[in-house]
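Here's start.pdb, which has PDB, C-alpha atoms, pLDDT in the B column:
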ATOM      1  CA  LYS U  86      95.980  99.119  87.029  1.00 55.00           C
ATOM      2  CA  CYS U  87      98.252  98.101  84.208  1.00 57.00           C
ATOM      3  CA  ASN U  88      99.463  94.902  85.885  1.00 72.00           C
ATOM      4  CA  SER U  89      97.190  93.072  88.300  1.00 77.00           C
ATOM      5  CA  THR U  90      99.443  90.145  89.149  1.00 87.00           C
ATOM      6  CA  ALA U  91      99.499  89.103  92.801  1.00 89.00           C
ATOM      7  CA  PRO U  92     103.258  89.703  93.371  1.00 92.00           C
ATOM      8  CA  LEU U  93     103.036  93.237  91.983  1.00 93.00           C
ATOM      9  CA  LEU U  94      99.910  94.104  93.992  1.00 93.00           C
ATOM     10  CA  GLN U  95     101.495  92.701  97.163  1.00 93.00           C
ATOM     11  CA  THR U  96     104.637  94.756  96.538  1.00 94.00           C
ATOM     12  CA  LEU U  97     102.653  97.934  95.939  1.00 93.00           C
ATOM     13  CA  ALA U  98     100.684  97.396  99.147  1.00 93.00           C
ATOM     14  CA  ALA U  99     103.898  96.618 101.080  1.00 95.00           C
ATOM     15  CA  VAL U 100     105.482  99.913 100.011  1.00 96.00           C
ATOM     16  CA  GLY U 101     102.421 101.933 101.013  1.00 95.00           C
ATOM     17  CA  LEU U 102     100.128 102.161  98.010  1.00 92.00           C
ATOM     18  CA  HIS U 103      96.614 101.641  99.336  1.00 94.00           C
ATOM     19  CA  ALA U 104      94.344 103.096  96.647  1.00 94.00           C
ATOM     20  CA  PHE U 105      93.683 101.292  93.379  1.00 93.00           C
ATOM     21  CA  ASP U 106      91.813 102.041  90.172  1.00 92.00           C
ATOM     22  CA  VAL U 107      89.911  98.881  89.248  1.00 94.00           C
ATOM     23  CA  ALA U 108      87.850  98.037  86.178  1.00 92.00           C
ATOM     24  CA  SER U 109      86.179  94.766  87.172  1.00 94.00           C
ATOM     25  CA  VAL U 110      85.110  92.693  90.139  1.00 94.00           C
ATOM     26  CA  ARG U 111      87.972  90.318  89.314  1.00 94.00           C
ATOM     27  CA  GLU U 112      90.466  93.165  89.703  1.00 93.00           C
ATOM     28  CA  ILE U 113      88.777  94.072  93.005  1.00 95.00           C
ATOM     29  CA  GLU U 114      89.251  90.488  94.213  1.00 94.00           C
ATOM     30  CA  LEU U 115      92.940  90.574  93.284  1.00 94.00           C
ATOM     31  CA  VAL U 116      93.495  93.896  95.059  1.00 95.00           C
ATOM     32  CA  ARG U 117      91.601  92.746  98.166  1.00 95.00           C
ATOM     33  CA  ALA U 118      93.755  89.586  98.326  1.00 94.00           C
ATOM     34  CA  ALA U 119      96.892  91.749  98.347  1.00 93.00           C
ATOM     35  CA  ASP U 120      95.548  94.586 100.509  1.00 94.00           C
ATOM     36  CA  PRO U 121      92.276  93.907 102.383  1.00 95.00           C
ATOM     37  CA  GLY U 122      91.946  97.560 103.424  1.00 94.00           C
ATOM     38  CA  ALA U 123      92.697  99.179 100.068  1.00 95.00           C
ATOM     39  CA  VAL U 124      90.554 102.024  98.779  1.00 95.00           C
ATOM     40  CA  LEU U 125      88.920 100.995  95.520  1.00 95.00           C
ATOM     41  CA  HIS U 126      88.026 103.310  92.651  1.00 95.00           C
ATOM     42  CA  TYR U 127      85.743 101.402  90.259  1.00 95.00           C
ATOM     43  CA  HIS U 128      86.287 103.614  87.242  1.00 90.00           C
ATOM     44  CA  ASN U 129      84.808 101.439  84.539  1.00 90.00           C
ATOM     45  CA  PRO U 130      81.597 103.342  83.717  1.00 89.00           C
ATOM     46  CA  VAL U 131      79.780 100.203  82.516  1.00 91.00           C
ATOM     47  CA  LYS U 132      78.787  97.810  85.293  1.00 95.00           C
ATOM     48  CA  SER U 133      75.987  95.354  85.840  1.00 96.00           C
ATOM     49  CA  ARG U 134      73.808  95.579  88.948  1.00 97.00           C
ATOM     50  CA  ARG U 135      75.488  92.394  90.178  1.00 97.00           C
ATOM     51  CA  GLU U 136      78.960  93.906  89.728  1.00 97.00           C
ATOM     52  CA  ILE U 137      77.897  97.041  91.603  1.00 98.00           C
ATOM     53  CA  ALA U 138      76.364  94.967  94.396  1.00 98.00           C
ATOM     54  CA  ASP U 139      79.478  92.795  94.721  1.00 98.00           C
ATOM     55  CA  ALA U 140      81.856  95.756  94.596  1.00 97.00           C
ATOM     56  CA  TYR U 141      79.798  97.693  97.142  1.00 98.00           C
ATOM     57  CA  GLY U 142      78.518  94.992  99.488  1.00 97.00           C
ATOM     58  CA  LYS U 143      81.115  92.270  99.313  1.00 96.00           C
ATOM     59  CA  TYR U 144      84.269  94.357  98.817  1.00 96.00           C
ATOM     60  CA  GLY U 145      83.423  97.757 100.306  1.00 96.00           C
ATOM     61  CA  CYS U 146      83.964  99.845  97.178  1.00 97.00           C
ATOM     62  CA  ARG U 147      82.635 103.368  97.656  1.00 97.00           C
ATOM     63  CA  ARG U 148      83.670 105.137  94.420  1.00 97.00           C
ATOM     64  CA  PHE U 149      82.099 104.415  91.062  1.00 98.00           C
ATOM     65  CA  ALA U 150      82.471 106.139  87.691  1.00 97.00           C
ATOM     66  CA  VAL U 151      79.378 107.088  85.701  1.00 98.00           C
ATOM     67  CA  ASP U 152      78.867 108.602  82.272  1.00 97.00           C
ATOM     68  CA  CYS U 153      75.093 108.340  81.797  1.00 97.00           C
ATOM     69  CA  ARG U 154      71.867 108.852  83.758  1.00 97.00           C
ATOM     70  CA  GLU U 155      71.079 105.138  83.732  1.00 97.00           C
ATOM     71  CA  GLU U 156      74.346 104.297  85.493  1.00 97.00           C
ATOM     72  CA  VAL U 157      73.666 106.883  88.226  1.00 98.00           C
ATOM     73  CA  ALA U 158      70.175 105.448  88.765  1.00 97.00           C
ATOM     74  CA  LYS U 159      71.456 101.854  88.743  1.00 97.00           C
ATOM     75  CA  ILE U 160      74.082 102.597  91.387  1.00 98.00           C
ATOM     76  CA  ALA U 161      71.562 104.511  93.513  1.00 98.00           C
ATOM     77  CA  ASP U 162      69.174 101.543  93.320  1.00 97.00           C
ATOM     78  CA  VAL U 163      71.907  99.196  94.557  1.00 97.00           C
ATOM     79  CA  VAL U 164      73.594 101.317  97.248  1.00 97.00           C
ATOM     80  CA  GLY U 165      70.581 103.248  98.519  1.00 96.00           C
ATOM     81  CA  ASN U 166      71.322 106.569 100.161  1.00 91.00           C
ATOM     82  CA  ASP U 167      74.850 105.828 101.409  1.00 95.00           C
ATOM     83  CA  LEU U 168      76.269 109.348 101.711  1.00 94.00           C
ATOM     84  CA  ALA U 169      79.830 107.969 101.691  1.00 96.00           C
ATOM     85  CA  VAL U 170      79.501 106.796  98.083  1.00 98.00           C
ATOM     86  CA  GLU U 171      81.438 108.880  95.586  1.00 98.00           C
ATOM     87  CA  LEU U 172      80.123 109.051  92.035  1.00 98.00           C
ATOM     88  CA  ALA U 173      82.789 110.175  89.596  1.00 98.00           C
ATOM     89  CA  VAL U 174      81.231 111.711  86.502  1.00 98.00           C
ATOM     90  CA  ARG U 175      83.468 110.774  83.600  1.00 96.00           C
ATOM     91  CA  PHE U 176      83.499 113.395  80.896  1.00 96.00           C
ATOM     92  CA  VAL U 177      84.928 113.394  77.407  1.00 93.00           C
ATOM     93  CA  LEU U 178      86.028 116.280  75.237  1.00 90.00           C
ATOM     94  CA  PRO U 179      85.750 116.562  71.470  1.00 82.00           C
ATOM     95  CA  ARG U 180      88.625 114.728  69.878  1.00 72.00           C
ATOM     96  CA  GLU U 181      91.680 116.665  68.861  1.00 65.00           C
ATOM     97  CA  ARG U 182      94.880 115.303  67.473  1.00 58.00           C
ATOM     98  CA  THR U 183      95.893 112.194  69.333  1.00 57.00           C
ATOM     99  CA  SER U 184      98.750 112.674  71.764  1.00 57.00           C
ATOM    100  CA  SER U 185      98.546 109.306  73.449  1.00 52.00           C
ATOM    101  CA  ALA U 186      99.505 105.767  72.582  1.00 51.00           C
ATOM    102  CA  HIS U 187      95.918 104.598  73.079  1.00 52.00           C
ATOM    103  CA  ASP U 188      93.097 107.072  72.503  1.00 56.00           C
ATOM    104  CA  PHE U 189      90.139 106.433  74.800  1.00 56.00           C
ATOM    105  CA  SER U 190      88.429 109.724  74.011  1.00 57.00           C
ATOM    106  CA  THR U 191      85.586 108.055  72.147  1.00 62.00           C
ATOM    107  CA  LYS U 192      85.182 104.910  74.253  1.00 68.00           C
ATOM    108  CA  PHE U 193      83.638 106.279  77.460  1.00 86.00           C
ATOM    109  CA  GLY U 194      82.591 109.613  78.900  1.00 93.00           C
ATOM    110  CA  ALA U 195      79.779 112.124  78.744  1.00 96.00           C
ATOM    111  CA  PRO U 196      80.053 115.309  76.694  1.00 96.00           C
ATOM    112  CA  GLU U 197      80.229 118.469  78.791  1.00 97.00           C
ATOM    113  CA  HIS U 198      76.500 119.323  78.634  1.00 97.00           C
ATOM    114  CA  ILE U 199      75.568 115.826  79.851  1.00 98.00           C
ATOM    115  CA  ALA U 200      78.343 115.816  82.473  1.00 98.00           C
ATOM    116  CA  ILE U 201      76.805 118.992  83.926  1.00 98.00           C
ATOM    117  CA  GLU U 202      73.424 117.260  84.268  1.00 98.00           C
ATOM    118  CA  LEU U 203      75.010 114.134  85.747  1.00 98.00           C
ATOM    119  CA  LEU U 204      76.959 116.132  88.299  1.00 98.00           C
ATOM    120  CA  GLN U 205      73.747 117.890  89.333  1.00 98.00           C
ATOM    121  CA  ASP U 206      71.974 114.529  89.636  1.00 98.00           C
ATOM    122  CA  VAL U 207      74.801 113.116  91.769  1.00 98.00           C
ATOM    123  CA  SER U 208      74.575 116.161  94.039  1.00 97.00           C
ATOM    124  CA  ARG U 209      70.750 115.996  94.270  1.00 97.00           C
ATOM    125  CA  ARG U 210      71.020 112.371  95.351  1.00 97.00           C
ATOM    126  CA  SER U 211      73.524 113.433  98.064  1.00 97.00           C
ATOM    127  CA  PHE U 212      76.365 111.302  96.762  1.00 98.00           C
ATOM    128  CA  VAL U 213      79.877 112.737  96.942  1.00 98.00           C
ATOM    129  CA  PRO U 214      80.502 114.495  93.593  1.00 98.00           C
ATOM    130  CA  VAL U 215      83.738 113.723  91.739  1.00 98.00           C
ATOM    131  CA  LEU U 216      84.849 114.454  88.177  1.00 98.00           C
ATOM    132  CA  THR U 217      87.086 112.136  86.191  1.00 96.00           C
ATOM    133  CA  PHE U 218      88.531 111.971  82.700  1.00 92.00           C
ATOM    134  CA  HIS U 219      90.810 109.759  80.648  1.00 85.00           C
ATOM    135  CA  PRO U 220      92.815 111.620  78.000  1.00 81.00           C
ATOM    136  CA  GLY U 221      94.324 108.389  76.672  1.00 73.00           C
ATOM    137  CA  SER U 222      97.024 106.050  77.837  1.00 72.00           C
ATOM    138  CA  GLN U 223     100.616 107.221  77.755  1.00 70.00           C
ATOM    139  CA  SER U 224      99.690 110.761  76.803  1.00 73.00           C
ATOM    140  CA  ARG U 225     102.700 112.695  75.578  1.00 76.00           C
ATOM    141  CA  ASP U 226     101.267 116.213  75.639  1.00 83.00           C
ATOM    142  CA  PRO U 227     100.791 118.065  78.956  1.00 88.00           C
ATOM    143  CA  ALA U 228      98.379 120.457  77.235  1.00 89.00           C
ATOM    144  CA  VAL U 229      95.856 117.592  77.046  1.00 88.00           C
ATOM    145  CA  TYR U 230      95.675 117.629  80.843  1.00 91.00           C
ATOM    146  CA  VAL U 231      95.349 121.406  80.948  1.00 93.00           C
ATOM    147  CA  ARG U 232      92.444 121.187  78.506  1.00 93.00           C
ATOM    148  CA  HIS U 233      90.667 118.559  80.638  1.00 94.00           C
ATOM    149  CA  ILE U 234      91.299 120.363  83.924  1.00 97.00           C
ATOM    150  CA  GLU U 235      89.865 123.566  82.425  1.00 97.00           C
ATOM    151  CA  ALA U 236      86.846 121.584  81.218  1.00 97.00           C
ATOM    152  CA  ALA U 237      86.364 120.121  84.700  1.00 98.00           C
ATOM    153  CA  HIS U 238      86.254 123.657  86.069  1.00 98.00           C
ATOM    154  CA  ARG U 239      83.653 124.686  83.468  1.00 98.00           C
ATOM    155  CA  ILE U 240      81.517 121.624  84.177  1.00 98.00           C
ATOM    156  CA  ALA U 241      81.549 122.077  87.960  1.00 98.00           C
ATOM    157  CA  LYS U 242      80.852 125.801  87.673  1.00 98.00           C
ATOM    158  CA  ALA U 243      77.978 125.329  85.206  1.00 98.00           C
ATOM    159  CA  ALA U 244      76.522 122.574  87.391  1.00 98.00           C
ATOM    160  CA  GLY U 245      76.786 124.748  90.501  1.00 98.00           C
ATOM    161  CA  VAL U 246      78.418 121.820  92.307  1.00 98.00           C
ATOM    162  CA  THR U 247      81.624 121.747  94.286  1.00 97.00           C
ATOM    163  CA  VAL U 248      83.494 118.579  93.401  1.00 97.00           C
ATOM    164  CA  THR U 249      85.503 116.889  96.121  1.00 96.00           C
ATOM    165  CA  ARG U 250      88.080 115.356  93.793  1.00 94.00           C
ATOM    166  CA  LEU U 251      89.312 115.499  90.243  1.00 96.00           C
ATOM    167  CA  ASN U 252      90.755 112.301  88.823  1.00 91.00           C
TER     168      ASN U 252
END
Using the file provided, produce a representation of the structure as structure tokens.
Amino acid sequence: KCNSTAPLLQTLAAVGLHAFDVASVREIELVRAADPGAVLHYHNPVKSRREIADAYGKYGCRRFAVDCREEVAKIADVVGNDLAVELAVRFVLPRERTSSAHDFSTKFGAPEHIAIELLQDVSRRSFVPVLTFHPGSQSRDPAVYVRHIEAAHRIAKAAGVTVTRLN
């Protein structure tokens, strides 16, 4: 994710990396050029209908991040009832002291009470439920991950949904 140059992507694919976190259709195009069969995780929670349609229809992306009801509905409108689509509910926790080089805790993500509702909506629509979080780039404190993993457990339990993955 941090370096989407063709030589790097080709090298990663050549050594066996076949799953990529992407944040735009352009990144999807670059990954597909290096590895046509790569698994794509579109974890930018803000996407236009066109971007969703291109990622899904043109490039075969089957995992999308969401952090609001409108994004869930928009993806459902574009992909229909494809039961192979994974919707990763991105949650955010109240900000504590920053332990990362770049704090993304206020940029994207649903607070826990909204994440519970989103996870229930994803499950009701029969998409594959996933939870995801971003504690900040280059986090230096392992306790930040513990805090988020514990929150993921609370969210899934309160939603009454078994998540298939935690990212």
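Using all atoms listed in the file, the shortest contact distance between Arg209 (chain U) and any of U:Thr249, U:Ser133, U:Ser222, U:Asn166 is found at U:Asn166.
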Identify, on the basis of only C-alpha atoms, every residue whose closest approach to Ala118 (chain U) does not exceed 12 Å; exclude the query and any residue fewer than 3 positions from it along the same chain; express the result as a list in words. Ser89, Thr90, Ala91, Pro92, Leu93, Leu94, Gln95, Ala98, Arg111, Glu112, Ile113, Glu114, Leu115, Pro121, Gly122, Ala123 and Tyr144 of chain U
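With the shown file loaded, the PyMOL selection byres ((chain U and resi 139) around 12) picks out Ser109, Val110, Arg111, Ile113, Glu114, Tyr127, Lys132, Ser133, Arg134, Arg135, Glu136, Ile137, Ala138, Ala140, Tyr141, Gly142, Lys143, Tyr144, Gly145, Cys146, Arg147, Ile160, Val163 and Val164 of chain U.
Each of U:Val177, U:Asn129, U:His198, U:Arg210 was compared to Ala161 (chain U) using all atoms listed in the file, and U:Arg210 turns out to be the nearest.
For the pair CA of Leu203 (chain U) and CA of Thr247 (chain U), the separation is 13.2 Å.
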So that I can see what lies close to Pro130 (chain U), please list as a count of residues only the residues with an atom at most 12 Å from it, counting all atoms listed in the file and leaving out residues fewer than 6 positions away in the same chain. 29
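With the shown file loaded, the PyMOL selection byres ((chain U and resi 105) around 6) picks out U:Ala104, U:Asp106, U:Leu125.
Taking CA of Ala243 (chain U) and CA of Val215 (chain U) as the two end points, the separation is 14.5 Å.
The coordinates place CA of Phe212 (chain U) at 5.7 Å from CA of Glu171 (chain U).
Residues in contact range of Tyr230 (chain U), defined as at most 12 Å between only C-alpha atoms, with sequence neighbours fewer than 3 positions away removed, read U:Leu178, U:Ser184, U:Ser185, U:Thr217, U:Phe218, U:His219, U:Pro220, U:Gly221, U:Gln223, U:Ser224, U:Arg225, U:Asp226, U:Pro227, U:His233, U:Ile234, U:Glu235, U:Ala236, U:Ala237, U:Leu251, U:Asn252.
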Near Ser211 (chain U), within 10 Å and counting all atoms listed in the file, which residues show up once chain neighbours fewer than 3 positions away are dropped, as a PyMOL selection string? chain U and resi 166-172+205-208+214
Excluding Ile201 (chain U) and its own-chain neighbours fewer than 5 positions away, which residues fall within 8 Å of it when counting only C-alpha atoms? Please give them as a PyMOL selection string. chain U and resi 240-241+243-244
